[in-house]
Amino acid sequence: MELGLEGKAAIVTGGRSGIGAAIARRLAEEGCDVAIVDRLVDRQAHEVVAQVEAAGRAGLAIEADVRDFAAAGDAVGSALSAFGRLDILVCNAGINRDGVIWKMSEENWDEVIDVNLKGCFNYCRSVARVFRERKRGTIVLVSSVNGLRGKFGQTNYSASKGGEIALTKALARELGRYDVNVNAVAPGMVRTEMTEGLPREVMEGAIEESALGRIAEPDDCADLVAFLCSDRARHITGEIIKVDGGQYI
Ligand SMILES: NC(=O)c1ccc[n+]([C@@H]2O[C@H](COP(=O)([O-])OP(=O)(O)OC[C@H]3O[C@@H](n4cnc5c(N)ncnc54)[C@H](O)[C@@H]3O)[C@@H](O)[C@H]2O)c1
C-alpha cells in the first residue's frame with residue numbers, strides 16, 4: 001500500500017535510538033525529510049541522520065532535552081527552516097526509572113513525568129500553532145500498554161504513559177477542526193536500549209504473556225507509526241493502538 005508520505009517533513013523526538021530511530025528511518029524510506037530531536041547528538045544520532053540521507057531525504061539532528069519548553073519552539077523553528085514545511089510530529093522520547101512507590105524518590109517521579117509527559121506537551125504545543133495555520137498535520141505519541149493497564153513497579157512510568165493517552169484524546173478534540181490527526185501507539189515489550197538491562201525473567205514473562213509469543217522489534221512499532229502518519233489514516237484520530245503482539249488483550 002502506497003502511504004503517500006513522499007515530500008512531507010517530520011520531527012521525531014528521541015530519534016537517536018530504539019523505536020525513534022526505526023520511525024525516523026521508516027518515514028525517510030516513505031519519502032519524508034526527518035529531524036530527530038534528542039538529548040544526545042552523538043555518533044549514533046549522526047548514523048540515523050546518515051540513514052535518512054541514504055534514503056534520499058534531508059536529515060537533521062537537533063540536540064535538545066524535551067523537558068525544555070523554549071528549546072521545543074527552537075527545534076520546531078529549525079526543522080521548519082531546514083525543510084520549508086512541517087507535516088508530522090512523533091513524540092517518542094521517553095525514559096523509565098522503575099521502583100515500587102514506597103521506595104521511589106521524588107526525583108525519579110518528577111523526571112519520568114517531565115520527560116515522558118511534559119516533553120509531549122512541549123512539542124505538541126509548538127507544532128499546534130504551525131498545524132493550525134496550515135490546516136493540516138499529524139501527531140503520533142508513543143505511549144505504552146503500561147499506560148493502559150498499569151504495571152507493578154512503574155507507577156511513575158504508567159502515570160506518564162496514561163497521561164499521554166489522555167493528552168492524545170483531548171488534543172484530537174482541540175485540533176480536529178484544523179484537519180490535524182492525533183493518535184497514540186501503545187507498544188508492549190520492545191527490544192531496545194530501554195529494555196536491554198532488564199532481567200531475563202522479565203523478558204521471558206513478557207514473551208509468555210504475549211499471544212504471538214515474542215517480543216517486538218522497533219520496526220514493528222515504526223510500521224504502525226508510519227501508517228498513522230499517512231493519509232491512509234486520515235479518518236483516524238483520538239485512537240490508542242496497541243502494538244504488543246497480544247501482550248495485553
Ligand atoms: N522498549 C519498550 O519496551 C517500550 C515499550 C513501550 C513504550 N516504549 C516507549 O517508546 C519510546 C522509545 O523508547 P525506546 O525503547 O526506543 O528507548 P530508547 O532508550 O532506546 O530511546 C529513547 C530515546 O529518547 C532519548 N531521550 C531520553 N530522554 C530524553 C530527553 N529528556 N530529551 C530528549 N531525548 C531524550 C534517548 O536519548 C533515546 O535516544 C519511549 O517513549 C518509551 O517509553 C518503549
# chains A, B, ... in the order shown; residues from 1 in each chain; ligands from 1
call {"tool": "residues_near_ligand", "arguments": {"ligand": "ligand 1", "cutoff": "6 Å", "atoms": "only C-alpha atoms and all ligand atoms", "output": "PyMOL selection string"}}
result
chain A and resi 14-20+38-40+64-67+92-95+115+142-144+187-195
call {"tool": "write_last_selection", "arguments": {"atoms": "N, CA, C and O atoms", "output": "compact mmCIF listing (two decimals), in the first residue's frame"}}
result
# COMPACT_ATOMS: atom_id res chain seq x y z
N GLY A 14 13.47 11.83 20.50
CA GLY A 14 14.10 10.57 20.92
C GLY A 14 14.46 9.70 19.72
O GLY A 14 14.45 8.47 19.80
N GLY A 15 14.82 10.36 18.61
CA GLY A 15 15.04 9.62 17.37
C GLY A 15 16.42 9.02 17.22
O GLY A 15 16.75 8.45 16.18
N ARG A 16 17.23 9.12 18.26
CA ARG A 16 18.61 8.62 18.17
C ARG A 16 18.70 7.10 18.30
O ARG A 16 19.60 6.49 17.72
N SER A 17 17.77 6.50 19.03
CA SER A 17 17.90 5.05 19.24
C SER A 17 16.55 4.36 19.27
O SER A 17 15.50 5.02 19.24
N GLY A 18 16.59 3.05 19.30
CA GLY A 18 15.40 2.22 19.51
C GLY A 18 14.25 2.53 18.58
O GLY A 18 14.40 2.62 17.35
N ILE A 19 13.08 2.71 19.17
CA ILE A 19 11.84 2.89 18.40
C ILE A 19 11.90 4.19 17.59
O ILE A 19 11.50 4.22 16.43
N GLY A 20 12.43 5.25 18.19
CA GLY A 20 12.51 6.55 17.49
C GLY A 20 13.38 6.47 16.26
O GLY A 20 13.03 7.04 15.21
N ASP A 38 17.01 14.95 20.14
CA ASP A 38 17.41 14.05 21.21
C ASP A 38 18.30 14.79 22.20
O ASP A 38 19.00 15.74 21.83
N ARG A 39 18.29 14.32 23.43
CA ARG A 39 19.14 14.98 24.43
C ARG A 39 20.61 14.69 24.13
O ARG A 39 21.50 15.38 24.61
N LEU A 40 20.86 13.66 23.33
CA LEU A 40 22.22 13.28 22.95
C LEU A 40 22.34 13.28 21.44
O LEU A 40 21.65 12.52 20.76
N ALA A 64 18.50 18.59 22.04
CA ALA A 64 17.61 19.30 22.96
C ALA A 64 17.00 18.31 23.93
O ALA A 64 16.76 17.15 23.58
N ASP A 65 16.78 18.78 25.13
CA ASP A 65 16.08 17.98 26.13
C ASP A 65 14.59 18.28 25.97
O ASP A 65 14.20 19.46 26.00
N VAL A 66 13.76 17.26 25.80
CA VAL A 66 12.33 17.52 25.53
C VAL A 66 11.65 18.22 26.71
O VAL A 66 10.56 18.77 26.57
N ARG A 67 12.30 18.22 27.88
CA ARG A 67 11.71 18.91 29.04
C ARG A 67 11.80 20.42 28.91
O ARG A 67 11.13 21.14 29.64
N ASN A 92 8.23 10.66 20.84
CA ASN A 92 8.68 9.31 21.18
C ASN A 92 9.66 9.29 22.35
O ASN A 92 9.79 8.26 23.02
N ALA A 93 10.34 10.41 22.62
CA ALA A 93 11.37 10.39 23.68
C ALA A 93 10.75 9.92 24.99
O ALA A 93 9.66 10.37 25.37
N GLY A 94 11.44 9.02 25.66
CA GLY A 94 10.90 8.52 26.92
C GLY A 94 11.97 7.81 27.73
O GLY A 94 12.99 7.37 27.20
N ILE A 95 11.72 7.75 29.04
CA ILE A 95 12.63 7.07 29.96
C ILE A 95 11.82 6.28 30.98
O ILE A 95 10.63 6.50 31.14
N VAL A 115 9.91 14.11 31.41
CA VAL A 115 10.39 13.69 30.07
C VAL A 115 9.22 13.13 29.26
O VAL A 115 8.97 13.55 28.14
N VAL A 142 4.09 8.18 21.31
CA VAL A 142 4.46 6.80 21.62
C VAL A 142 4.23 6.59 23.12
O VAL A 142 5.00 7.03 23.96
N SER A 143 3.11 5.96 23.42
CA SER A 143 2.74 5.68 24.81
C SER A 143 3.21 4.27 25.17
O SER A 143 4.34 3.89 24.80
N SER A 144 2.39 3.49 25.84
CA SER A 144 2.78 2.13 26.24
C SER A 144 1.55 1.37 26.71
O SER A 144 0.62 1.99 27.26
N PRO A 187 3.03 0.44 22.55
CA PRO A 187 3.80 -0.81 22.41
C PRO A 187 3.79 -1.62 23.70
O PRO A 187 3.66 -1.08 24.80
N GLY A 188 3.94 -2.93 23.52
CA GLY A 188 4.26 -3.79 24.66
C GLY A 188 5.78 -3.80 24.79
O GLY A 188 6.45 -2.81 24.47
N MET A 189 6.33 -4.93 25.20
CA MET A 189 7.80 -5.00 25.35
C MET A 189 8.48 -4.97 23.97
O MET A 189 8.12 -5.74 23.07
N VAL A 190 9.45 -4.06 23.83
CA VAL A 190 10.19 -3.92 22.56
C VAL A 190 11.68 -4.04 22.87
O VAL A 190 12.15 -3.53 23.89
N ARG A 191 12.40 -4.71 21.99
CA ARG A 191 13.85 -4.88 22.19
C ARG A 191 14.59 -3.58 21.84
O ARG A 191 14.77 -3.26 20.67
N THR A 192 14.95 -2.80 22.87
CA THR A 192 15.68 -1.54 22.67
C THR A 192 16.64 -1.34 23.84
O THR A 192 16.68 -2.14 24.77
N GLU A 193 17.35 -0.19 23.81
CA GLU A 193 18.25 0.14 24.93
C GLU A 193 17.49 0.20 26.24
O GLU A 193 18.02 -0.12 27.30
N MET A 194 16.22 0.64 26.17
CA MET A 194 15.43 0.79 27.39
C MET A 194 15.22 -0.54 28.09
O MET A 194 15.13 -0.61 29.31
N THR A 195 15.13 -1.61 27.32
CA THR A 195 14.79 -2.92 27.91
C THR A 195 15.98 -3.88 27.97
O THR A 195 15.87 -4.96 28.56
call {"tool": "select_by_dssp", "arguments": {"residues": "range 59-101 of chain A", "states": "strand (DSSP E)", "output": "list in words"}}
result
Gly59, Leu60, Ala61, Ile62, Glu63, Ile88, Leu89, Val90 and Cys91 of chain A
call {"tool": "closest_residue", "arguments": {"among": "A:Ala82, A:Ile207, A:Cys124, A:Ala222", "to": "Ala24 in chain A", "atoms": "only C-alpha atoms"}}
result
A:Ala222
call {"tool": "atom_distance", "arguments": {"atom1": "CA of Ile36 in chain A", "atom2": "CA of Arg57 in chain A"}}
result
13.1 Å
call {"tool": "closest_residue", "arguments": {"among": "A:Thr155, A:Ala186, A:Thr237, A:Gln44", "to": "Met104 in chain A", "atoms": "only C-alpha atoms"}}
result
A:Thr155
call {"tool": "atom_distance", "arguments": {"atom1": "CA of Gly119 in chain A", "atom2": "CA of Ala50 in chain A"}}
result
25.4 Å
call {"tool": "select_by_dssp", "arguments": {"residues": "range 64-217 of chain A", "states": "alpha helix (DSSP H)", "output": "ChimeraX atom specification"}}
result
/A:69-83,106-113,119-134,146-149,155-175,193-196,200-209
call {"tool": "write_last_selection", "arguments": {"atoms": "C-alpha atoms", "output": "PDB file, in the first residue's frame"}}
result
ATOM      1  CA  PHE A  69       9.850  24.358  26.757  1.00  0.00           C
ATOM      2  CA  ALA A  70      11.786  27.092  24.929  1.00  0.00           C
ATOM      3  CA  ALA A  71      14.015  24.557  23.185  1.00  0.00           C
ATOM      4  CA  ALA A  72      10.913  22.853  21.752  1.00  0.00           C
ATOM      5  CA  GLY A  73       9.972  26.088  19.997  1.00  0.00           C
ATOM      6  CA  ASP A  74      13.516  26.451  18.680  1.00  0.00           C
ATOM      7  CA  ALA A  75      13.591  22.838  17.450  1.00  0.00           C
ATOM      8  CA  VAL A  76      10.331  23.252  15.559  1.00  0.00           C
ATOM      9  CA  GLY A  77      11.702  26.506  14.062  1.00  0.00           C
ATOM     10  CA  SER A  78      14.919  24.768  12.984  1.00  0.00           C
ATOM     11  CA  ALA A  79      13.037  21.924  11.295  1.00  0.00           C
ATOM     12  CA  LEU A  80      10.765  24.400   9.522  1.00  0.00           C
ATOM     13  CA  SER A  81      13.665  26.435   8.185  1.00  0.00           C
ATOM     14  CA  ALA A  82      15.629  23.340   7.156  1.00  0.00           C
ATOM     15  CA  PHE A  83      12.741  21.636   5.357  1.00  0.00           C
ATOM     16  CA  GLU A 106      10.614  12.314  44.276  1.00  0.00           C
ATOM     17  CA  GLU A 107      13.341  12.882  41.693  1.00  0.00           C
ATOM     18  CA  ASN A 108      12.511   9.642  39.859  1.00  0.00           C
ATOM     19  CA  TRP A 109       8.814  10.516  39.844  1.00  0.00           C
ATOM     20  CA  ASP A 110       9.413  14.034  38.524  1.00  0.00           C
ATOM     21  CA  GLU A 111      11.962  13.042  35.894  1.00  0.00           C
ATOM     22  CA  VAL A 112       9.740  10.410  34.293  1.00  0.00           C
ATOM     23  CA  ILE A 113       6.658  12.656  34.274  1.00  0.00           C
ATOM     24  CA  GLY A 119       8.011  16.560  26.774  1.00  0.00           C
ATOM     25  CA  CYS A 120       4.913  15.679  24.716  1.00  0.00           C
ATOM     26  CA  PHE A 121       3.166  18.855  25.845  1.00  0.00           C
ATOM     27  CA  ASN A 122       6.161  20.990  24.846  1.00  0.00           C
ATOM     28  CA  TYR A 123       6.346  19.600  21.305  1.00  0.00           C
ATOM     29  CA  CYS A 124       2.585  19.305  20.722  1.00  0.00           C
ATOM     30  CA  ARG A 125       2.164  22.908  21.830  1.00  0.00           C
ATOM     31  CA  SER A 126       4.876  24.118  19.459  1.00  0.00           C
ATOM     32  CA  VAL A 127       3.558  22.316  16.399  1.00  0.00           C
ATOM     33  CA  ALA A 128      -0.101  23.093  17.183  1.00  0.00           C
ATOM     34  CA  ARG A 129       0.460  26.689  16.012  1.00  0.00           C
ATOM     35  CA  VAL A 130       2.053  25.524  12.757  1.00  0.00           C
ATOM     36  CA  PHE A 131      -0.539  22.844  12.025  1.00  0.00           C
ATOM     37  CA  ARG A 132      -3.482  25.146  12.848  1.00  0.00           C
ATOM     38  CA  GLU A 133      -2.185  27.726  10.400  1.00  0.00           C
ATOM     39  CA  ARG A 134      -1.627  25.108   7.673  1.00  0.00           C
ATOM     40  CA  ASN A 146       1.532   0.037  30.706  1.00  0.00           C
ATOM     41  CA  GLY A 147      -0.255   3.371  30.395  1.00  0.00           C
ATOM     42  CA  LEU A 148      -3.421   1.392  29.720  1.00  0.00           C
ATOM     43  CA  ARG A 149      -3.118  -1.385  32.287  1.00  0.00           C
ATOM     44  CA  THR A 155       3.694   3.976  38.940  1.00  0.00           C
ATOM     45  CA  ASN A 156       5.647   6.920  37.533  1.00  0.00           C
ATOM     46  CA  TYR A 157       6.016   5.429  34.040  1.00  0.00           C
ATOM     47  CA  SER A 158       2.422   4.119  33.899  1.00  0.00           C
ATOM     48  CA  ALA A 159       1.079   7.500  35.056  1.00  0.00           C
ATOM     49  CA  SER A 160       3.141   9.332  32.420  1.00  0.00           C
ATOM     50  CA  LYS A 161       2.018   6.979  29.656  1.00  0.00           C
ATOM     51  CA  GLY A 162      -1.620   7.133  30.818  1.00  0.00           C
ATOM     52  CA  GLY A 163      -1.225  10.914  30.745  1.00  0.00           C
ATOM     53  CA  GLU A 164      -0.038  10.699  27.144  1.00  0.00           C
ATOM     54  CA  ILE A 165      -3.182   8.749  26.297  1.00  0.00           C
ATOM     55  CA  ALA A 166      -5.442  11.406  27.833  1.00  0.00           C
ATOM     56  CA  LEU A 167      -3.375  14.131  26.129  1.00  0.00           C
ATOM     57  CA  THR A 168      -3.874  12.362  22.786  1.00  0.00           C
ATOM     58  CA  LYS A 169      -7.647  12.272  23.195  1.00  0.00           C
ATOM     59  CA  ALA A 170      -8.010  15.877  24.382  1.00  0.00           C
ATOM     60  CA  LEU A 171      -5.668  17.186  21.698  1.00  0.00           C
ATOM     61  CA  ALA A 172      -7.510  15.238  18.993  1.00  0.00           C
ATOM     62  CA  ARG A 173     -10.633  17.158  20.014  1.00  0.00           C
ATOM     63  CA  GLU A 174      -8.849  20.534  20.018  1.00  0.00           C
ATOM     64  CA  LEU A 175      -7.115  20.111  16.662  1.00  0.00           C
ATOM     65  CA  GLU A 193      18.247   0.145  24.927  1.00  0.00           C
ATOM     66  CA  MET A 194      15.431   0.791  27.387  1.00  0.00           C
ATOM     67  CA  THR A 195      14.788  -2.917  27.907  1.00  0.00           C
ATOM     68  CA  GLU A 196      18.243  -4.432  27.311  1.00  0.00           C
ATOM     69  CA  ARG A 200      15.960 -12.377  31.769  1.00  0.00           C
ATOM     70  CA  GLU A 201      12.848 -13.488  33.678  1.00  0.00           C
ATOM     71  CA  VAL A 202      11.115 -10.158  32.930  1.00  0.00           C
ATOM     72  CA  MET A 203      11.733 -10.611  29.193  1.00  0.00           C
ATOM     73  CA  GLU A 204      10.601 -14.244  29.402  1.00  0.00           C
ATOM     74  CA  GLY A 205       7.477 -13.134  31.292  1.00  0.00           C
ATOM     75  CA  ALA A 206       6.632 -10.687  28.501  1.00  0.00           C
ATOM     76  CA  ILE A 207       7.082 -13.422  25.870  1.00  0.00           C
ATOM     77  CA  GLU A 208       4.922 -15.753  27.960  1.00  0.00           C
ATOM     78  CA  GLU A 209       2.014 -13.301  28.228  1.00  0.00           C
TER      79      GLU A 209
END
call {"tool": "atom_distance", "arguments": {"atom1": "CA of Ala184 in chain A", "atom2": "CA of Ala58 in chain A"}}
result
25.5 Å
call {"tool": "residues_around", "arguments": {"residues": "Glu6 in chain A", "least_positions_apart": "5", "cutoff": "7 Å", "atoms": "only C-alpha atoms", "output": "JSON, numbers by chain"}}
result
{"A": [30, 31, 32]}
call {"tool": "write_last_selection", "arguments": {"atoms": "N, CA, C and O atoms", "output": "mmCIF file, in the first residue's frame"}}
result
data_model
loop_
_atom_site.group_PDB
_atom_site.id
_atom_site.type_symbol
_atom_site.label_atom_id
_atom_site.label_comp_id
_atom_site.auth_asym_id
_atom_site.auth_seq_id
_atom_site.Cartn_x
_atom_site.Cartn_y
_atom_site.Cartn_z
ATOM 1 N N GLU A 30 9.776 6.235 3.329
ATOM 2 C CA GLU A 30 8.478 6.572 2.712
ATOM 3 C C GLU A 30 8.500 7.944 2.051
ATOM 4 O O GLU A 30 7.481 8.413 1.567
ATOM 5 N N GLY A 31 9.673 8.640 2.117
ATOM 6 C CA GLY A 31 9.793 9.894 1.374
ATOM 7 C C GLY A 31 9.769 11.151 2.213
ATOM 8 O O GLY A 31 9.643 12.260 1.670
ATOM 9 N N CYS A 32 9.891 11.028 3.536
ATOM 10 C CA CYS A 32 9.862 12.224 4.405
ATOM 11 C C CYS A 32 11.264 12.732 4.717
ATOM 12 O O CYS A 32 12.191 11.944 4.939
#
call {"tool": "closest_residue", "arguments": {"among": "A:Asp244, A:Asp42, A:Asp114, A:Asp33", "to": "Gly59 in chain A", "atoms": "only C-alpha atoms"}}
result
A:Asp33
